[in-house]
Structure formats: structure tokens, C-alpha cells
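*Asks:* Sharing a structure with you now.
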Amino acid sequence: MITRMHKLLGMFLGATALMGAAPIDRSMTPIAGDPIATAGGRIAGTQLDSGVRAYFGIPFAAPPTGPLRWAAPQPIAWKGVWNADRKGAACIQILRPHDINHYFGEEPTSEDCLYLNLWAPAAASPASKLPVIVFIYGGGFTVGSSGMANYDGEAMAKAGAIFINFNYRVGAFGFLAHPELTAEQGGHSGNYGIMDQTAALRWIHDNVAKFGGDPDKVLIMGQSAGAGSVVAQIFSPAAKGLFRAAVMSSGCNFNSDGQPLAAAEKVGLQLQERMKAASLAALRDVPADRILAAQSEFQLGARVDGVRISGPIVDGYVLPRSKAAMLADGGFNHVPIIANYNSNDISFGMEPILSATSIAQFQAGARQLYGADAEAFLKLYPVKSDAEVHAVARRAATEGGLEASARFCAQAETKAGQAAYIDEYTRVHPYVPGVRIADQDIAIVGAYHTADIPYWFGTQDKYNMFRPTRNWTPWDRTLSTQMMDALIAFAATGNPNTPAMPWAAWKPASESKILFGDRVETVKLDAKRLDWQAAHPVAMIPPALRPGTVRD
């Protein structure tokens with residue numbers, strides 16, 4: 001019998017469908033052979049329609065709440081079977097507008113957020129010893145989530161790898177230093193987000209074989225702040241032996257350090273004062289939403305000028321010394337690397353030339369940046385017409401920024417006896433004509449910051465989840481397959497070469513990079529221009545002071 005309530009429910013569901021909301025699927029298809037016994041307890045996942053085995057929301061550390069707010073991640077164990085059938089909440093952060101490029105559905109947020117997701121091929125078994133690809137999200141160290149659909153691992157698992165991503169604490173909850181915390185924790189504080197990452201890598205090392213992965217074939221990859229996180233793991237003694245290769249997308253920052261501990265502690269005192277908390281204990285009792293509201297945020301359309309929480313801290317423990325010192329004596333984790341950047345990537349400090357629209361403005365911008373050396377710069381980067389200004393300025397910004405950083409990383413790793421590979425992603429997404437995306441101008445966005453990610457992971461269709469935004473072509477699919485295969489090869493062997501896409505390592509005598517664009521090709525770096533830019537560095541805007549756009 002159909003009741004009035006049934007009719008009202010039907011009307012509601014019909015209206016929901018008209019609004020374009022997809023029903024939430026809470027079903028679970030059991031995996032033969034589950035549960036799997038891990039160090040913390042037994043886990044059961046769900047089998048996707050593709051056959052891929054998915055384990056969503058596996059806890060890798062205890063909830064960092066109560067007295068564990070601003071503490072190193074602690075082990076967790078449970079009785080019974082953990083149903084790993086849905087992703088955990090994102091670590092507490094501001095929410096996303098629904099009309100931006102990286103909106104893939106609403107996610108819950110919480111301080112209880114230390115969970116990972118794992119995808120395995122249908123036939124994976126403990127005997128498989130498959131390569132493992134671990135992704136660390138970006139977001140300026142204040143936003144980001146492993147639950148975002150463009151970081152999905154189903155396609156990578158179908159291609160033959162174990163794929164894992166995880167959450168780590170961000171913002172004030174992940175990177176707050178404070179004198180009382182330093183005293184409590186034996187002389188260091190902050191870097192809880194970096195410690196979360198290492199704890200996840202330790203869990204992977206100890207447990208991934210049971211899902212079919214090889215703990216000796218773990219590749220870690222991050223984008224933007226995630227790339228900075230990968231670098232932090234390379235320079236953290238705690239991560240030694242937990243990965244065999246590293247990929248940094250936009251970009252590889254071996255040549256810059258985070259805040260010193262003393263400076264970061266002052267920020268912690270500012271937060272305490274803002275919260276009117278008499279002590280560390282009182283600060284731990286402040287509701288999380290009040291702390292979130294007090295921190296600076298310039299992403300996702302927010303404009304909050306509050307307490308400026310930076311990312312990794314040179315704390316003497318997690319990051320024991322400056323990178324320069326560790327590079328000088330070899331005291332970092334030596335692994336082969338890929339340093340990636342995009343042709344229209346983020347470029348800080350080069351605004352005087354990037355904003356130019358005429359030859360005169362470009363020349364004036366060069367003089368502003370380089371003073372008496374501007375003429376030498378203009379000879380290296382000549383422009384013959386106003387129409388050329390934007391492309392030349394962008395090339396100069398790329399070479400002086402992320403390409404220079406990639407080259408520096410390659411030089412350091414090669415000196416340490418490791419192979420280094422450089423690539424530049426140049427493919428412009430094939431947008432649906434006329435589509436409007438709030439944080440992009442599709443006419444000029446180019447190969448933007450993060451544009452490479454759906455190619456690395458085969459997640460291109462996630463950008464059409466709620467409305468059509470891209471018309472992907474057969475070449476986009478082919479390019480994605482080749483980039484995915486290179487990652488899997490890199491995890492498996494420490495070399496990204498594949499039969500379909502040879503990739504030469506950077507060498508001092510043969511400085512090359514591979515271009516991922518409308519075709520794949522290997523080209524030489526312009527060593528003359530890179531050397532000049534290295535000798536004439538532009539003053540960078542400190543990360544905490546940059547007005548921002550979405551960076552994940």
C-alpha cells in the first residue's frame with residue numbers, strides 16, 4: 001500500500017534526481033578470502049564491478065583527538081572485522097565550492113581522519129609481489145583529501161599495481177609548533193602531518209604483502225604540497241627504507257627549507273592568544289571549528305587573514321637539519337626520482353613579466369626583476385612582438401622556477417649515485433566548448449597546476465562526474481596509459497622506461513627531459529638559460545604570504 005509518506009519520499013527522490021545528485025551506494029560486495037589479518041586487526045573490503053578489490057577507510061593510526069591532538073600518530077588495534085567499505089573523513093579543513101575544478105562531491109571532515117584506501121588487482125594474492133604506488137595529496141598543507149575522485153586507484157589496480165592513498169593532518173592540526181609541545185615531546189613539535197605520512201608508509205611496509213604488494217617495490221608520489229611531502233620523506237630519517245622510488249609533481253624542492261622551529265613556535269603562541277587559552281591543555285579543549293576559523297586560508301575561494309600556519313618545519317627531529325647540510329654530507333634517503341612540472345604551472349615571484357601584455361611591459365618587468373642584468377635576460381628571452389610576450393614570459397617563469405628546481409634535484413640525486421628523470425607535462429585538457437569552471441579560465445589556463453594528475457592515474461572521467469567538462473580524445477587515453485605504465489615500471493624496477501615510451505635519465509653531460517603533450521618526445525634542457533637563471537634567482541614570495549588559488 002502506498003502511503004502519503006511514500007508519495008512524499010518519491011517526490012523528494014524525483015526532485016533530487018532532477019537536481020543531478022547521485023544516490024549514495026552503501027552496498028558491499030564481499031571479497032573471497034577476506035578478512036585479511038593485518039598488524040592492527042582483520043579487514044574486509046569490497047569488490048568493485050571491474051573486479052578490483054577495494055579496501056576503503058583502513059585506520060593506520062589512532063584518532064588524533066583529545067590528548068593526541070598535536071601528538072605523534074599512535075598505533076591502533078581492534079577486535080573483530082573492520083569493514084573497509086567506505087572512505088574515512090578528510091582531516092578537518094574548509095569545504096569546497098561546488099563550481100570549482102576539483103569538486104567531486106561533498107566529503108565529511110573530522111579530526112578523526114587517519115585512514116588509508118587501497119586498491120588491488122582482482123587476482124592479487126600474497127604471492128603476487130606487485131609494485132605499490134602510494135600517493136600523497138597536495139593543497140598547500142591546509143586542504144586536501146585522499147577521498148577525492150581524481151586520486152582514485154581503480155585504473156592503476158586494473159593496470160597491475162597496488163595503489164594506496166591516505167589522509168594526513170593539515171593546517172593547524174598538522175603543523176602547529178608550540179613551546180609547551182616542544183617541552184612535552186622531547187625538544188621538537190609540529191610536523192604531525194609529516195609523521196602521519198610516515199606512519200602510513202610504515203603500515204604499508206608492514207602489511208601490503210598480504211594484499212599482493214611487494215614492500216620492496218613501493219613508489220611514493222605527491223603533487224604540489226604532496227610533492228613537498230615526498231621531499232620531506234626523502235629528508236626524514238624516520239622514513240628510511242620505506243620506499244624505493246619517489247615522484248614529485250610540481251615540484252621538487254630540494255633547494256628550500258621550511259620554517260625553523262623557533263619561528264613556528266611563535267605562530268603557536270599566536271594561536272593560543274587568539275583562542276584565549278591559558279595553557280596547552282586548554283588549547284587542546286578548544287573546538288576544532290574555532291581553530292580552523294582562526295587560521296589563514298587563501299584557497300578554495302576563502303580569504304581569511306588569520307594565524308599563518310606553514311607546512312614542514314625544520315624541527316631537529318622529523319626534519320633534523322637544513323636540506324643543504326644533508327645534501328652536503330649525503331644524509332638523506334637515496335632513491336631514484338622523477339621530477340615533474342607543467343608548462344602553465346604555478347610560478348611565484350615572476351609576476352612582473354607574467355602580467356606583461358606588450359614588449360614594453362615585458363622589458364619593464366625584466367628590469368624590475370633583474371635590474372642591471374635585465375639586458376642579459378632579454379637577450380636570452382627575446383620577444384619580437386606583443387603577441388609573443390605571454391609565451392616567452394611563461395617559458396622564462398617555468399625555467400626559472402619548477403624546471404630549475406627539477407634540475408637541482410636531478411643534480412643532487414645524480415651526485416648521490418641515483419638516477420633522476422625530468423618531465424614536463426604540456427597537454428591542454430580538451431574542454432567542452434563554453435564550459436564554465438569557477439577557478440579556471442579555460443581559454444588561457446593551459447597545462448595548469450595539477451593538470452597531469454588524471455593522466456598519471458587514469459582518472460580523466462572523474463572530471464565529468466556531475467556535468468560534462470572535458471571531451472577526452474583517444475590520444476588523451478593513450479597518453480594516460482603510457483604515463484601510468486611508466487609509474488608502474490618505476491615502482492617495479494626503479495626505471496620508468498617502457499617499450500612504448502623510452503625515458504632517458506637526466507645526466508650532466510646530456511641534460512634532457514621528456515614532454516607529455518600532443519605527442520611524447522625527448523628534448524634537451526636549455527642549460528645556458530638555466531645556468532643564468534640559477535645565478536640570478538628571483539626573490540620568492542614566502543608560502544604563508546602568497547594570495548592563493550586552489551593548489552591541490
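Going through the C-alpha cells in order, the chains are called A, B, and so on, while each chain numbers its residues from 1 and the ligands are numbered from 1 in the order shown.
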Tell me which protein, DNA and RNA residues are within 10 Å of Lys266 in chain A, counting only C-alpha atoms, leaving out same-chain ones fewer than 5 positions away, and put them as a list in words.
*Replies:*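 Once the adjacent positions are removed, what remains is Leu176, Ala177, His178, Pro179, Leu261, Leu271 and Gln272 of chain A.
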*Asks:* Apply DSSP to the structure's backbone, then extract all residues of range 49-159 of chain A labelled strand (DSSP E or B) and return them as a PyMOL selection string.
*Replies:* chain A and resi 53-59+81-83+85+90-91+109-110+115-120+130-136
*Asks:* Which residue gives the smallest distance to Pro430 in chain A among A:Gln197, A:Gln411, A:Asn471, A:Ser128, with only C-alpha atoms counted?
*Replies:* A:Asn471
*Asks:* Could you tell me, as JSON, numbers by chain, which residues of range 346-458 of chain A DSSP assigns to helix (DSSP H, G or I) when given the backbone?
*Replies:* {"A": [351, 352, 353, 354, 359, 360, 361, 362, 363, 364, 365, 366, 367, 368, 369, 370, 371, 372, 373, 374, 375, 376, 377, 378, 379, 380, 386, 387, 388, 389, 390, 391, 392, 393, 394, 395, 396, 397, 398, 399, 400, 402, 403, 404, 405, 406, 407, 408, 409, 410, 411, 412, 413, 414, 415, 453, 454, 455, 456, 457]}
*Asks:* Within 10 Å of range 304-317 of chain A, which residues of range 188-246 of chain A show up? Give each one with its shortest atom-to-atom distance in Å (one decimal) and the two atoms involved, counting only C-alpha atoms, rows by chain then rising residue number, as CSV.
*Replies:*
```
residue,atom,partner,partner_atom,distance
A:His188,CA,A:Asp315,CA,5.5
A:Ser189,CA,A:Asp315,CA,6.7
A:Gly190,CA,A:Ile313,CA,6.8
A:Asn191,CA,A:Pro312,CA,5.6
A:Tyr192,CA,A:Pro312,CA,9.0
A:Gly193,CA,A:Pro312,CA,8.3
A:Ile194,CA,A:Pro312,CA,7.2
A:Ala225,CA,A:Gly311,CA,8.3
A:Gly228,CA,A:Pro312,CA,8.4
A:Ser229,CA,A:Pro312,CA,8.0
A:Ala232,CA,A:Pro312,CA,7.5
A:Ser236,CA,A:Tyr317,CA,8.2
A:Pro237,CA,A:Tyr317,CA,8.5
A:Ala238,CA,A:Tyr317,CA,9.0
```
*Asks:* Write to file, as a compact mmCIF listing (two decimals), in the first residue's frame, the residues of the selection just made, with C-alpha atoms.
*Replies:*
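The new file selection-v2.txt reads:
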```txt
# COMPACT_ATOMS: atom_id res chain seq x y z
CA HIS A 188 60.56 19.26 18.93
CA SER A 189 57.00 19.95 17.85
CA GLY A 190 54.94 20.42 14.71
CA ASN A 191 55.27 18.19 11.63
CA TYR A 192 52.39 15.95 12.77
CA GLY A 193 51.18 15.76 9.18
CA ILE A 194 54.61 14.53 8.05
CA ALA A 225 52.28 20.18 -1.19
CA GLY A 228 56.85 18.77 -0.76
CA SER A 229 55.71 15.92 1.49
CA ALA A 232 60.15 15.64 3.45
CA SER A 236 63.41 12.35 7.16
CA PRO A 237 65.45 9.62 8.87
CA ALA A 238 62.20 8.04 10.11
```
*Asks:* What's the 9 Å shell around Tyr381 in chain A, counting only C-alpha atoms, without same-chain residues fewer than 3 positions away, as a list in words?
*Replies:*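 Residues meeting the cut-off are Ala376, Phe377, Leu378, Val392, Ala393, Arg395, Ala396 and Arg529 of chain A.
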*Asks:* Please produce a file of the residues just selected, as an mmCIF file, in the first residue's frame, where the atoms kept are N, CA, C and O atoms.
*Replies:*
```
data_model
loop_
_atom_site.group_PDB
_atom_site.id
_atom_site.type_symbol
_atom_site.label_atom_id
_atom_site.label_comp_id
_atom_site.auth_asym_id
_atom_site.auth_seq_id
_atom_site.Cartn_x
_atom_site.Cartn_y
_atom_site.Cartn_z
ATOM 1 N N ALA A 376 70.812 41.228 -20.177
ATOM 2 C CA ALA A 376 71.253 39.850 -20.419
ATOM 3 C C ALA A 376 70.053 38.906 -20.446
ATOM 4 O O ALA A 376 69.983 37.979 -21.281
ATOM 5 N N PHE A 377 69.095 39.119 -19.552
ATOM 6 C CA PHE A 377 67.875 38.298 -19.538
ATOM 7 C C PHE A 377 67.118 38.456 -20.857
ATOM 8 O O PHE A 377 66.666 37.460 -21.454
ATOM 9 N N LEU A 378 66.979 39.691 -21.314
ATOM 10 C CA LEU A 378 66.214 39.947 -22.538
ATOM 11 C C LEU A 378 66.891 39.351 -23.777
ATOM 12 O O LEU A 378 66.219 39.002 -24.751
ATOM 13 N N VAL A 392 56.721 33.724 -24.107
ATOM 14 C CA VAL A 392 58.123 33.872 -23.690
ATOM 15 C C VAL A 392 58.200 34.070 -22.181
ATOM 16 O O VAL A 392 59.062 33.487 -21.504
ATOM 17 N N ALA A 393 57.299 34.889 -21.632
ATOM 18 C CA ALA A 393 57.288 35.101 -20.179
ATOM 19 C C ALA A 393 56.997 33.803 -19.441
ATOM 20 O O ALA A 393 57.639 33.486 -18.430
ATOM 21 N N ARG A 395 57.630 30.778 -20.518
ATOM 22 C CA ARG A 395 58.797 29.909 -20.634
ATOM 23 C C ARG A 395 59.876 30.311 -19.640
ATOM 24 O O ARG A 395 60.492 29.481 -18.965
ATOM 25 N N ALA A 396 60.101 31.621 -19.503
ATOM 26 C CA ALA A 396 61.103 32.109 -18.560
ATOM 27 C C ALA A 396 60.710 31.777 -17.134
ATOM 28 O O ALA A 396 61.562 31.383 -16.316
ATOM 29 N N ARG A 529 70.381 28.972 -20.471
ATOM 30 C CA ARG A 529 69.385 29.798 -19.792
ATOM 31 C C ARG A 529 69.198 29.354 -18.343
ATOM 32 O O ARG A 529 69.047 30.188 -17.436
#
```
*Asks:* Could you check how far CA of Thr357 in chain A sits from CA of Ala451 in chain A, in Å to one decimal?
*Replies:*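 Interatomic distance, CA of Thr357 in chain A to CA of Ala451 in chain A: 24.7 Å.
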*Asks:* With 6 Å as the cut-off and only C-alpha atoms counted, what is the closest atom pair between each nearby residue of range 176-235 of chain A and range 475-498 of chain A? Distances in Å to one decimal, ordered by chain and number, as CSV.
*Replies:*
```
residue,atom,partner,partner_atom,distance
A:Lys217,CA,A:Ala491,CA,5.4
A:Val218,CA,A:Ala491,CA,5.9
A:Leu219,CA,A:Ala491,CA,5.0
```
*Asks:* Please produce a file of the residues just selected, as a PDB file, in the first residue's frame, where the atoms kept are all heavy atoms.
*Replies:*
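Final output, saved to again-v3.pdb:
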```
ATOM      1  N   LYS A 217      59.014  -2.716  -3.322  1.00  0.00           N
ATOM      2  CA  LYS A 217      58.717  -2.039  -4.592  1.00  0.00           C
ATOM      3  C   LYS A 217      57.683  -0.929  -4.377  1.00  0.00           C
ATOM      4  O   LYS A 217      56.707  -0.804  -5.103  1.00  0.00           O
ATOM      5  CB  LYS A 217      58.201  -3.039  -5.625  1.00  0.00           C
ATOM      6  CG  LYS A 217      59.209  -4.111  -6.024  1.00  0.00           C
ATOM      7  CD  LYS A 217      58.596  -5.095  -7.009  1.00  0.00           C
ATOM      8  CE  LYS A 217      59.593  -6.194  -7.394  1.00  0.00           C
ATOM      9  NZ  LYS A 217      58.975  -7.208  -8.285  1.00  0.00           N
ATOM     10  N   VAL A 218      57.922  -0.121  -3.360  1.00  0.00           N
ATOM     11  CA  VAL A 218      56.997   0.962  -3.029  1.00  0.00           C
ATOM     12  C   VAL A 218      57.506   2.267  -3.624  1.00  0.00           C
ATOM     13  O   VAL A 218      58.633   2.690  -3.353  1.00  0.00           O
ATOM     14  CB  VAL A 218      56.825   1.109  -1.505  1.00  0.00           C
ATOM     15  CG1 VAL A 218      55.983   2.339  -1.167  1.00  0.00           C
ATOM     16  CG2 VAL A 218      56.181  -0.149  -0.927  1.00  0.00           C
ATOM     17  N   LEU A 219      56.677   2.887  -4.444  1.00  0.00           N
ATOM     18  CA  LEU A 219      56.944   4.217  -5.000  1.00  0.00           C
ATOM     19  C   LEU A 219      56.043   5.206  -4.281  1.00  0.00           C
ATOM     20  O   LEU A 219      54.843   4.957  -4.140  1.00  0.00           O
ATOM     21  CB  LEU A 219      56.658   4.216  -6.497  1.00  0.00           C
ATOM     22  CG  LEU A 219      56.740   5.534  -7.283  1.00  0.00           C
ATOM     23  CD1 LEU A 219      57.064   5.235  -8.744  1.00  0.00           C
ATOM     24  CD2 LEU A 219      55.440   6.328  -7.231  1.00  0.00           C
TER      25      LEU A 219
END
```
*Asks:* Have a look at CA of Phe166 in chain A and CA of Gly147 in chain A and let me know their distance in Å, one decimal.
*Replies:*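 Computed distance, CA of Phe166 in chain A to CA of Gly147 in chain A, equals 8.3 Å.
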*Asks:* Could you state the separation of CA of Cys252 in chain A and CA of Met195 in chain A in Å, given to one decimal place?
*Replies:*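 Atom-to-atom, CA of Cys252 in chain A to CA of Met195 in chain A, that is 19.7 Å.
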*Asks:* Calculated over only C-alpha atoms, which of the candidates A:Ile291, A:Leu380, A:Ile234, A:Leu525 has the smallest distance to Gln93 in chain A?
*Replies:* A:Ile291
*Asks:* Show which residues sit within 8 Å of range 337-347 of chain A, as number ranges by chain. Count only C-alpha atoms, and ignore same-chain residues fewer than 2 positions away.
*Replies:* A: 245-252, 335, 349-351, 394-395, 397-398, 401-403, 406, 409-410, 413, 418-426, 445-452
*Asks:* Set the distance at 12 Å and use only C-alpha atoms: which residues neighbour Asp373 in chain A once local chain neighbours fewer than 5 positions away are removed? I'd like the list as a ChimeraX atom specification.
*Replies:* /A:363,366-368,378-380,532-533,535-538
*Asks:* Please dump the current selection as a PDB file, in the first residue's frame; keep N, CA and C atoms.
*Replies:*
```
ATOM      1  N   GLN A 363      59.766  44.260 -20.954  1.00  0.00           N
ATOM      2  CA  GLN A 363      61.087  44.823 -20.678  1.00  0.00           C
ATOM      3  C   GLN A 363      61.107  45.521 -19.324  1.00  0.00           C
ATOM      4  N   ALA A 366      61.262  42.878 -16.667  1.00  0.00           N
ATOM      5  CA  ALA A 366      62.612  42.315 -16.568  1.00  0.00           C
ATOM      6  C   ALA A 366      63.520  43.234 -15.763  1.00  0.00           C
ATOM      7  N   ARG A 367      63.415  44.535 -15.996  1.00  0.00           N
ATOM      8  CA  ARG A 367      64.242  45.482 -15.226  1.00  0.00           C
ATOM      9  C   ARG A 367      63.857  45.470 -13.751  1.00  0.00           C
ATOM     10  N   GLN A 368      62.567  45.300 -13.469  1.00  0.00           N
ATOM     11  CA  GLN A 368      62.124  45.221 -12.073  1.00  0.00           C
ATOM     12  C   GLN A 368      62.697  43.989 -11.387  1.00  0.00           C
ATOM     13  N   LEU A 378      66.979  39.691 -21.314  1.00  0.00           N
ATOM     14  CA  LEU A 378      66.214  39.947 -22.538  1.00  0.00           C
ATOM     15  C   LEU A 378      66.891  39.351 -23.777  1.00  0.00           C
ATOM     16  N   LYS A 379      68.200  39.214 -23.750  1.00  0.00           N
ATOM     17  CA  LYS A 379      68.891  38.547 -24.854  1.00  0.00           C
ATOM     18  C   LYS A 379      68.621  37.045 -24.841  1.00  0.00           C
ATOM     19  N   LEU A 380      68.505  36.472 -23.640  1.00  0.00           N
ATOM     20  CA  LEU A 380      68.211  35.043 -23.523  1.00  0.00           C
ATOM     21  C   LEU A 380      66.757  34.741 -23.859  1.00  0.00           C
ATOM     22  N   TRP A 532      72.027  30.680 -16.252  1.00  0.00           N
ATOM     23  CA  TRP A 532      71.882  32.118 -15.999  1.00  0.00           C
ATOM     24  C   TRP A 532      70.832  32.368 -14.922  1.00  0.00           C
ATOM     25  N   GLN A 533      69.710  31.669 -15.024  1.00  0.00           N
ATOM     26  CA  GLN A 533      68.654  31.858 -14.018  1.00  0.00           C
ATOM     27  C   GLN A 533      69.126  31.408 -12.635  1.00  0.00           C
ATOM     28  N   ALA A 535      72.043  31.655 -11.491  1.00  0.00           N
ATOM     29  CA  ALA A 535      72.947  32.694 -10.986  1.00  0.00           C
ATOM     30  C   ALA A 535      72.212  33.998 -10.683  1.00  0.00           C
ATOM     31  N   HIS A 536      70.946  34.102 -11.097  1.00  0.00           N
ATOM     32  CA  HIS A 536      70.162  35.325 -10.879  1.00  0.00           C
ATOM     33  C   HIS A 536      68.787  34.950 -10.319  1.00  0.00           C
ATOM     34  N   PRO A 537      68.744  34.360  -9.130  1.00  0.00           N
ATOM     35  CA  PRO A 537      67.450  33.911  -8.584  1.00  0.00           C
ATOM     36  C   PRO A 537      66.526  35.085  -8.270  1.00  0.00           C
ATOM     37  N   VAL A 538      65.269  34.863  -8.508  1.00  0.00           N
ATOM     38  CA  VAL A 538      64.236  35.863  -8.198  1.00  0.00           C
ATOM     39  C   VAL A 538      63.776  35.646  -6.768  1.00  0.00           C
TER      40      VAL A 538
END
```
*Asks:* Extract, using only C-alpha atoms, all DNA, RNA and protein residues at most 9 Å from Val520 in chain A, discarding same-chain residues fewer than 4 positions from it, and format them as a ChimeraX atom specification.
*Replies:* /A:479,501,514-516
*Asks:* Would you kindly return, as a compact mmCIF listing (two decimals) with N, CA, C and O atoms, in the first residue's frame, each protein, DNA or RNA residue with an atom no farther than 8 Å from any atom of Arg86 in chain A, considering only C-alpha atoms and excluding same-chain residues fewer than 2 positions away?
*Replies:*
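After the write, around10.txt holds the following:
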```txt
# COMPACT_ATOMS: atom_id res chain seq x y z
N ARG A 26 25.79 2.42 -0.63
CA ARG A 26 26.42 1.88 0.58
C ARG A 26 26.52 0.36 0.53
O ARG A 26 26.76 -0.28 1.55
N TYR A 55 39.72 -1.57 -0.56
CA TYR A 55 39.67 -1.51 0.90
C TYR A 55 39.71 -0.03 1.27
O TYR A 55 40.76 0.62 1.22
N PHE A 56 38.56 0.51 1.62
CA PHE A 56 38.42 1.94 1.88
C PHE A 56 38.33 2.21 3.38
O PHE A 56 37.60 1.53 4.10
N GLY A 57 39.06 3.22 3.82
CA GLY A 57 38.94 3.64 5.21
C GLY A 57 39.61 2.71 6.20
O GLY A 57 39.07 2.46 7.28
N ALA A 84 36.08 -2.37 5.66
CA ALA A 84 36.73 -1.28 4.93
C ALA A 84 35.99 -1.04 3.62
O ALA A 84 36.52 -1.27 2.53
N GLY A 88 37.29 7.18 4.81
CA GLY A 88 37.21 7.94 6.05
C GLY A 88 37.04 9.42 5.79
O GLY A 88 37.22 9.92 4.66
```
*Asks:* Distance table requested - range 261-378 of chain A against range 59-67 of chain A, cut-off 10 Å, only C-alpha atoms: one row per qualifying residue with the closest atom pair and its distance in Å to one decimal, ordered by chain and rising residue number, as a tab-separated table.
*Replies:*
```
residue	atom	partner	partner_atom	distance
A:Ala281	CA	A:Pro67	CA	8.2
A:Arg284	CA	A:Gly66	CA	6.7
A:Asp285	CA	A:Gly66	CA	7.4
A:Ala288	CA	A:Thr65	CA	9.9
```
*Asks:* Pick the closest to Lys415 in chain A from A:Pro336, A:Ala263, A:Glu184, A:Ala539: which is it, counting only C-alpha atoms?
*Replies:*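 The closest residue to Lys415 in chain A is A:Pro336.
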